[in-house]
>>> print(open('model34.cif').read())   # mmCIF, C-alpha atoms
data_coords
loop_
_atom_site.label_atom_id
_atom_site.label_comp_id
_atom_site.auth_asym_id
_atom_site.auth_seq_id
_atom_site.Cartn_x
_atom_site.Cartn_y
_atom_site.Cartn_z
CA MET A 289 16.57 -4.83 10.86
CA SER A 290 13.51 -6.29 12.61
CA ARG A 291 10.39 -4.12 12.78
CA LEU A 292 8.17 -6.51 14.72
CA ALA A 293 7.59 -3.91 17.43
CA ALA A 294 5.91 -1.61 14.90
CA MET A 295 3.66 -4.27 13.43
CA LYS A 296 -0.01 -4.43 14.42
CA ILE A 297 -0.50 -8.19 14.50
CA PRO A 298 -2.79 -9.76 17.13
CA ARG A 299 -1.96 -13.21 18.41
CA ALA A 300 -3.04 -15.98 16.09
CA GLN A 301 -6.22 -18.01 16.34
CA LYS A 302 -6.12 -21.79 16.67
CA VAL A 303 -7.17 -22.62 13.11
CA GLY A 304 -5.73 -21.67 9.74
CA LEU A 305 -2.53 -20.34 11.23
CA ALA A 306 -0.59 -20.13 7.97
CA GLN A 307 -3.40 -18.24 6.23
CA TYR A 308 -3.92 -16.02 9.27
CA THR A 309 -0.23 -15.16 9.33
CA GLU A 310 -0.17 -14.48 5.61
CA ASP A 311 -3.20 -12.19 5.88
CA CYS A 312 -1.60 -10.26 8.73
CA LEU A 313 1.66 -9.82 6.83
CA LYS A 314 -0.20 -8.71 3.73
CA ARG A 315 -1.93 -5.99 5.72
CA GLU A 316 1.40 -4.79 7.10
CA LEU A 317 2.81 -4.65 3.56
CA LEU A 318 -0.23 -3.00 1.99
CA GLU A 319 -0.36 -0.26 4.62
CA GLY A 320 3.37 0.37 4.60
CA ARG A 321 4.14 -0.57 8.19
CA LEU A 322 6.77 -2.91 6.78
CA ARG A 323 9.42 -0.87 4.98
CA PRO A 324 12.00 -1.66 2.32
CA SER A 325 14.94 -3.69 3.70
CA ASP A 326 13.01 -4.69 6.84
CA ARG A 327 14.00 -8.17 7.99
CA LEU A 328 11.53 -10.76 9.25
CA VAL A 329 12.90 -13.63 11.33
CA THR A 330 10.67 -16.69 11.37
CA ARG A 331 11.20 -17.51 15.04
CA GLU A 332 10.62 -13.91 16.20
CA LEU A 333 7.41 -13.66 14.21
CA ALA A 334 6.19 -16.99 15.57
CA GLU A 335 6.80 -15.75 19.11
CA LEU A 336 4.88 -12.55 18.37
CA LEU A 337 1.93 -14.57 17.06
CA GLY A 338 2.14 -17.15 19.82
CA THR A 339 2.36 -20.03 17.38
CA SER A 340 4.86 -22.56 16.08
CA ILE A 341 7.43 -21.82 13.39
CA THR A 342 5.85 -24.07 10.73
CA PRO A 343 2.78 -21.97 9.77
CA VAL A 344 4.82 -18.77 9.92
CA ARG A 345 7.47 -20.21 7.62
CA GLU A 346 4.74 -21.41 5.25
CA ALA A 347 3.19 -17.92 5.09
CA LEU A 348 6.56 -16.26 4.52
CA LEU A 349 7.44 -18.72 1.77
CA ARG A 350 4.14 -18.03 0.02
CA LEU A 351 4.90 -14.31 -0.03
CA ALA A 352 8.44 -14.97 -1.24
CA ALA A 353 7.06 -17.15 -4.05
CA ILE A 354 5.08 -14.21 -5.47
CA GLY A 355 8.02 -11.82 -5.17
CA VAL A 356 6.75 -9.84 -2.20
CA LEU A 357 9.54 -10.96 0.14
CA GLU A 358 13.09 -12.19 -0.42
CA ALA A 359 14.30 -15.33 1.34
CA LEU A 360 17.52 -14.98 3.33
CA PRO A 361 19.67 -17.46 5.25
CA ALA A 362 18.84 -18.48 8.82
CA GLN A 363 15.08 -18.71 8.22
CA SER A 364 14.69 -15.00 7.69
CA PHE A 365 13.13 -12.89 4.97
CA MET A 366 13.52 -9.33 3.78
CA VAL A 367 11.22 -6.73 2.26
CA PRO A 368 12.82 -5.87 -1.09
CA PHE A 369 14.23 -2.40 -1.71
CA LEU A 370 12.80 -1.54 -5.12
CA SER A 371 14.93 0.32 -7.61
CA SER A 372 13.42 3.45 -9.15
CA ALA A 373 13.15 1.59 -12.47
CA ARG A 374 11.27 -1.31 -10.86
CA TYR A 375 8.91 1.06 -9.09
CA GLN A 376 8.27 2.93 -12.35
CA GLU A 377 7.42 -0.37 -14.05
CA LEU A 378 4.91 -1.27 -11.35
CA SER A 379 3.48 2.24 -11.55
CA ASP A 380 2.94 1.88 -15.30
CA ILE A 381 1.04 -1.36 -14.70
CA ARG A 382 -1.04 0.32 -12.00
CA LYS A 383 -2.02 3.05 -14.46
CA ALA A 384 -3.40 0.34 -16.73
CA VAL A 385 -5.63 -1.30 -14.13
CA GLU A 386 -6.51 1.13 -11.33
CA PRO A 387 -8.29 3.70 -13.53
CA LEU A 388 -10.39 0.80 -14.86
CA ALA A 389 -11.41 -0.19 -11.33
CA ALA A 390 -12.25 3.41 -10.45
CA SER A 391 -14.34 3.95 -13.58
CA ARG A 392 -16.27 0.74 -12.96
CA ALA A 393 -16.75 1.78 -9.34
CA MET A 394 -18.50 4.92 -10.54
CA HIS A 395 -21.38 2.80 -11.87
CA ASN A 396 -21.91 1.26 -8.42
CA MET A 397 -21.27 4.39 -6.37
CA THR A 398 -23.81 5.24 -3.68
CA ALA A 399 -24.23 8.26 -1.45
CA LYS A 400 -23.20 6.12 1.51
CA ARG A 401 -19.95 5.01 -0.14
CA LEU A 402 -19.17 8.60 -1.21
CA ASN A 403 -19.59 9.74 2.38
CA GLU A 404 -17.27 6.94 3.51
CA LEU A 405 -14.66 8.05 0.96
CA ARG A 406 -14.98 11.67 2.12
CA ALA A 407 -14.39 10.63 5.73
CA ILE A 408 -11.32 8.59 4.80
CA GLN A 409 -9.96 11.44 2.68
CA GLU A 410 -10.37 13.91 5.55
CA SER A 411 -8.52 11.55 7.90
CA PHE A 412 -5.81 11.01 5.29
CA GLN A 413 -5.23 14.74 4.85
CA GLU A 414 -5.23 15.36 8.60
CA ALA A 415 -2.64 12.64 9.15
CA LYS A 416 -0.45 14.18 6.42
CA ARG A 417 -0.73 17.65 7.97
CA ARG A 418 0.30 16.24 11.34
CA GLY A 419 3.25 14.36 9.80
CA GLN A 420 1.78 11.02 10.87
CA VAL A 421 3.22 8.94 8.04
CA ALA A 422 2.02 5.52 9.22
CA GLN A 423 -1.54 6.74 9.66
CA ALA A 424 -1.48 8.59 6.33
CA LEU A 425 -0.37 5.46 4.49
CA ALA A 426 -3.07 3.38 6.18
CA PHE A 427 -5.78 5.89 5.22
CA ASN A 428 -4.39 6.10 1.68
CA HIS A 429 -4.72 2.33 1.36
CA SER A 430 -8.22 2.42 2.85
CA PHE A 431 -9.38 5.06 0.37
CA ARG A 432 -8.02 3.25 -2.68
CA PHE A 433 -9.34 -0.18 -1.78
CA ALA A 434 -12.73 1.08 -0.61
CA LEU A 435 -13.00 2.72 -4.02
CA TYR A 436 -11.76 -0.26 -6.03
CA ALA A 437 -13.91 -2.74 -4.11
CA THR A 438 -16.94 -0.72 -5.21
CA ALA A 439 -16.24 -1.89 -8.77
CA GLU A 440 -17.33 -5.39 -7.67
CA MET A 441 -14.66 -6.98 -9.88
CA PRO A 442 -12.86 -9.43 -7.58
CA ASP A 443 -10.32 -10.63 -10.15
CA LEU A 444 -9.31 -7.05 -10.94
CA LEU A 445 -9.12 -6.26 -7.23
CA GLU A 446 -6.78 -9.23 -6.75
CA VAL A 447 -4.49 -7.93 -9.50
CA ILE A 448 -4.38 -4.52 -7.85
CA GLU A 449 -3.74 -6.01 -4.42
CA ASN A 450 -0.80 -8.03 -5.73
CA LEU A 451 0.71 -4.85 -7.16
CA TRP A 452 0.22 -3.03 -3.87
CA LEU A 453 1.84 -5.87 -1.92
CA LYS A 454 4.99 -5.08 -3.90
CA ILE A 455 4.78 -1.28 -3.71
CA GLY A 456 3.23 -0.85 -0.25
CA PRO A 457 6.51 -0.66 1.69
CA THR A 458 7.99 1.74 -0.89
CA LEU A 459 5.07 4.13 -0.41
CA ASN A 460 6.97 5.29 2.68
CA PHE A 461 9.08 7.20 0.14
CA LEU A 462 6.09 9.44 -0.54
CA PHE A 463 7.48 11.30 2.46
CA PRO A 464 8.98 13.77 2.97
CA GLN A 465 6.92 15.95 0.70
CA GLY A 466 6.69 19.71 0.36
CA ASP A 467 4.35 21.99 2.29
CA LEU A 468 1.65 19.70 3.70
CA SER A 469 -0.24 22.56 5.35
CA SER A 470 -1.64 23.69 1.99
CA THR A 471 -5.42 23.72 1.67
CA ASP A 472 -5.26 23.16 -2.11
CA SER A 473 -7.59 20.52 -3.53
CA HIS A 474 -6.16 16.99 -3.49
CA ASN A 475 -6.68 14.41 -6.24
CA TYR A 476 -9.02 12.50 -3.95
CA ASP A 477 -11.19 15.61 -3.44
CA ARG A 478 -11.41 16.07 -7.19
CA LEU A 479 -12.18 12.38 -7.64
CA ILE A 480 -15.09 12.53 -5.19
CA ALA A 481 -16.44 15.63 -6.95
CA VAL A 482 -16.25 13.92 -10.34
CA PHE A 483 -18.11 10.87 -9.05
CA GLU A 484 -21.02 13.19 -8.35
CA THR A 485 -21.03 14.40 -11.99
CA GLY A 486 -20.67 10.95 -13.57
CA ASP A 487 -17.69 11.82 -15.80
CA GLU A 488 -16.06 8.41 -16.35
CA ALA A 489 -13.20 9.76 -18.47
CA ALA A 490 -12.34 12.29 -15.76
CA VAL A 491 -12.32 9.53 -13.13
CA ARG A 492 -9.78 7.56 -15.14
CA GLU A 493 -7.62 10.64 -15.70
CA ILE A 494 -7.58 11.68 -12.04
CA VAL A 495 -6.60 8.19 -10.84
CA SER A 496 -3.86 7.95 -13.47
CA ASN A 497 -2.57 11.42 -12.57
CA SER A 498 -2.61 10.56 -8.87
CA ILE A 499 -0.44 7.50 -9.51
CA GLU A 500 1.92 9.51 -11.72
CA GLU A 501 2.30 12.35 -9.21
CA GLY A 502 3.05 9.91 -6.40
CA THR A 503 5.52 8.06 -8.60
CA ARG A 504 7.48 11.25 -9.29
CA ILE A 505 7.86 11.90 -5.56
CA ILE A 506 8.79 8.31 -4.79
CA VAL A 507 11.30 7.94 -7.62
CA THR A 508 13.00 11.18 -6.58
CA ASN A 509 13.26 10.03 -2.97
CA LEU A 510 14.38 6.53 -3.99
CA GLU A 511 17.19 7.97 -6.09
CA LYS A 512 18.26 10.20 -3.21
CA ALA A 513 18.31 7.20 -0.86
CA ALA A 514 20.28 5.14 -3.38
CA ALA A 515 22.83 7.93 -3.77
CA LEU A 516 23.30 8.17 0.00
CA ALA A 517 23.76 4.39 0.21
CA GLU A 518 26.55 4.33 -2.36
CA PRO A 519 29.99 3.88 -0.80
CA ALA A 520 32.19 6.94 -0.97
CA THR A 521 34.79 6.75 -3.69
CA ALA A 522 38.40 7.57 -3.03
#
>>> encode(input="model34.cif", output="structure tokens")
Amino acid sequence: MSRLAAMKIPRAQKVGLAQYTEDCLKRELLEGRLRPSDRLVTRELAELLGTSITPVREALLRLAAIGVLEALPAQSFMVPFLSSARYQELSDIRKAVEPLAASRAMHNMTAKRLNELRAIQESFQEAKRRGQVAQALAFNHSFRFALYATAEMPDLLEVIENLWLKIGPTLNFLFPQGDLSSTDSHNYDRLIAVFETGDEAAVREIVSNSIEEGTRIIVTNLEKAAALAEPATA
């Protein structure tokens, strides 16, 4: 299935077309606008970008080389559908690195960045309440990476981004959730409050718990989807 119509990719500039295309595709993956099993056809994507096939194919091959996309026949690629076991593995790795980034970010946190995080969190929660999945996923990504960038550890941020390139599409399985109208405190609210107290251990725990809670929802929904996809037995 092609999802080019849902992708937010402006037409390419005249220089660095392969890198530009790769950056655009990464953003679509990170923010979950590309979903598991989505198919990307080289020619269609080149037409969308207004460029030739060569830089598009180069960008797609780069992403396939790091396991973010799967190469298919006829110059097409697919977003992998992760098994629940694979997602759990990636989640376990995230719990080893993302709490570190958050705890280091605490040492560089400013009032301005905290206010930015609050604004993103409010937008995230509002999108969830309205059932706007695409917007919620984009705000979720914005919150996490604004936080992790504050650590000022570019190598660690690159590790985290590579993990998110693999899990981003699967984050669509965070939905459906239960009652999203609840006004109960969210992990991100608690995280912001803890940043104000300077409790580094609590920061690590909240980030780890947030990953674990999301993983439980996603694994449950992945297993439901896998069960529905199984052919009926006689």
>>> resolve_selection(input="model34.cif", expression="the PyMOL selection byres ((chain A and resi 379) around 10)", output="PDB file with C-alpha atoms, in the frame of the given file")
ATOM      1  CA  ALA A 373      13.150   1.590 -12.470  1.00  0.00           C
ATOM      2  CA  ARG A 374      11.270  -1.310 -10.860  1.00  0.00           C
ATOM      3  CA  TYR A 375       8.910   1.060  -9.090  1.00  0.00           C
ATOM      4  CA  GLN A 376       8.270   2.930 -12.350  1.00  0.00           C
ATOM      5  CA  GLU A 377       7.420  -0.370 -14.050  1.00  0.00           C
ATOM      6  CA  LEU A 378       4.910  -1.270 -11.350  1.00  0.00           C
ATOM      7  CA  ASP A 380       2.940   1.880 -15.300  1.00  0.00           C
ATOM      8  CA  ILE A 381       1.040  -1.360 -14.700  1.00  0.00           C
ATOM      9  CA  ARG A 382      -1.040   0.320 -12.000  1.00  0.00           C
ATOM     10  CA  LYS A 383      -2.020   3.050 -14.460  1.00  0.00           C
ATOM     11  CA  ALA A 384      -3.400   0.340 -16.730  1.00  0.00           C
ATOM     12  CA  LEU A 451       0.710  -4.850  -7.160  1.00  0.00           C
ATOM     13  CA  TRP A 452       0.220  -3.030  -3.870  1.00  0.00           C
ATOM     14  CA  ILE A 455       4.780  -1.280  -3.710  1.00  0.00           C
ATOM     15  CA  SER A 496      -3.860   7.950 -13.470  1.00  0.00           C
ATOM     16  CA  ILE A 499      -0.440   7.500  -9.510  1.00  0.00           C
ATOM     17  CA  GLU A 500       1.920   9.510 -11.720  1.00  0.00           C
ATOM     18  CA  GLY A 502       3.050   9.910  -6.400  1.00  0.00           C
ATOM     19  CA  THR A 503       5.520   8.060  -8.600  1.00  0.00           C
TER      20      THR A 503
END
>>> residues_around(input="model34.cif", residues="Thr342 in chain A", least_positions_apart="4", cutoff="9 Å", atoms="only C-alpha atoms", output="list in words")
Ala306, Thr330, Ala334, Glu346 and Ala347 of chain A
>>> atom_distance(input="model34.cif", atom1="CA of Arg350 in chain A", atom2="CA of Glu310 in chain A")
7.9 Å
>>> atom_distance(input="model34.cif", atom1="CA of His395 in chain A", atom2="CA of Asn497 in chain A")
20.7 Å
>>> resolve_selection(input="model34.cif", expression="the PyMOL selection byres ((chain A and resi 319) around 12)", output="number ranges by chain")
A: 295-296, 312-318, 320-323, 421-433, 449, 452-460
>>> resolve_selection(input="model34.cif", expression="the PyMOL selection byres ((chain A and resi 493) around 12)", output="PyMOL selection string")
chain A and resi 383-384+386-388+390-391+475-476+478-479+482+487-492+494-501
>>> closest_residue(input="model34.cif", among="A:Ile480, A:His474, A:Leu516, A:Arg392", to="Phe412 in chain A", atoms="all atoms listed in the file")
A:His474
>>> atom_distance(input="model34.cif", atom1="CA of Gln413 in chain A", atom2="CA of Ile448 in chain A")
23.1 Å
>>> closest_residue(input="model34.cif", among="A:Ala389, A:Leu348, A:Leu360, A:Val367", to="Pro442 in chain A", atoms="all atoms listed in the file")
A:Ala389
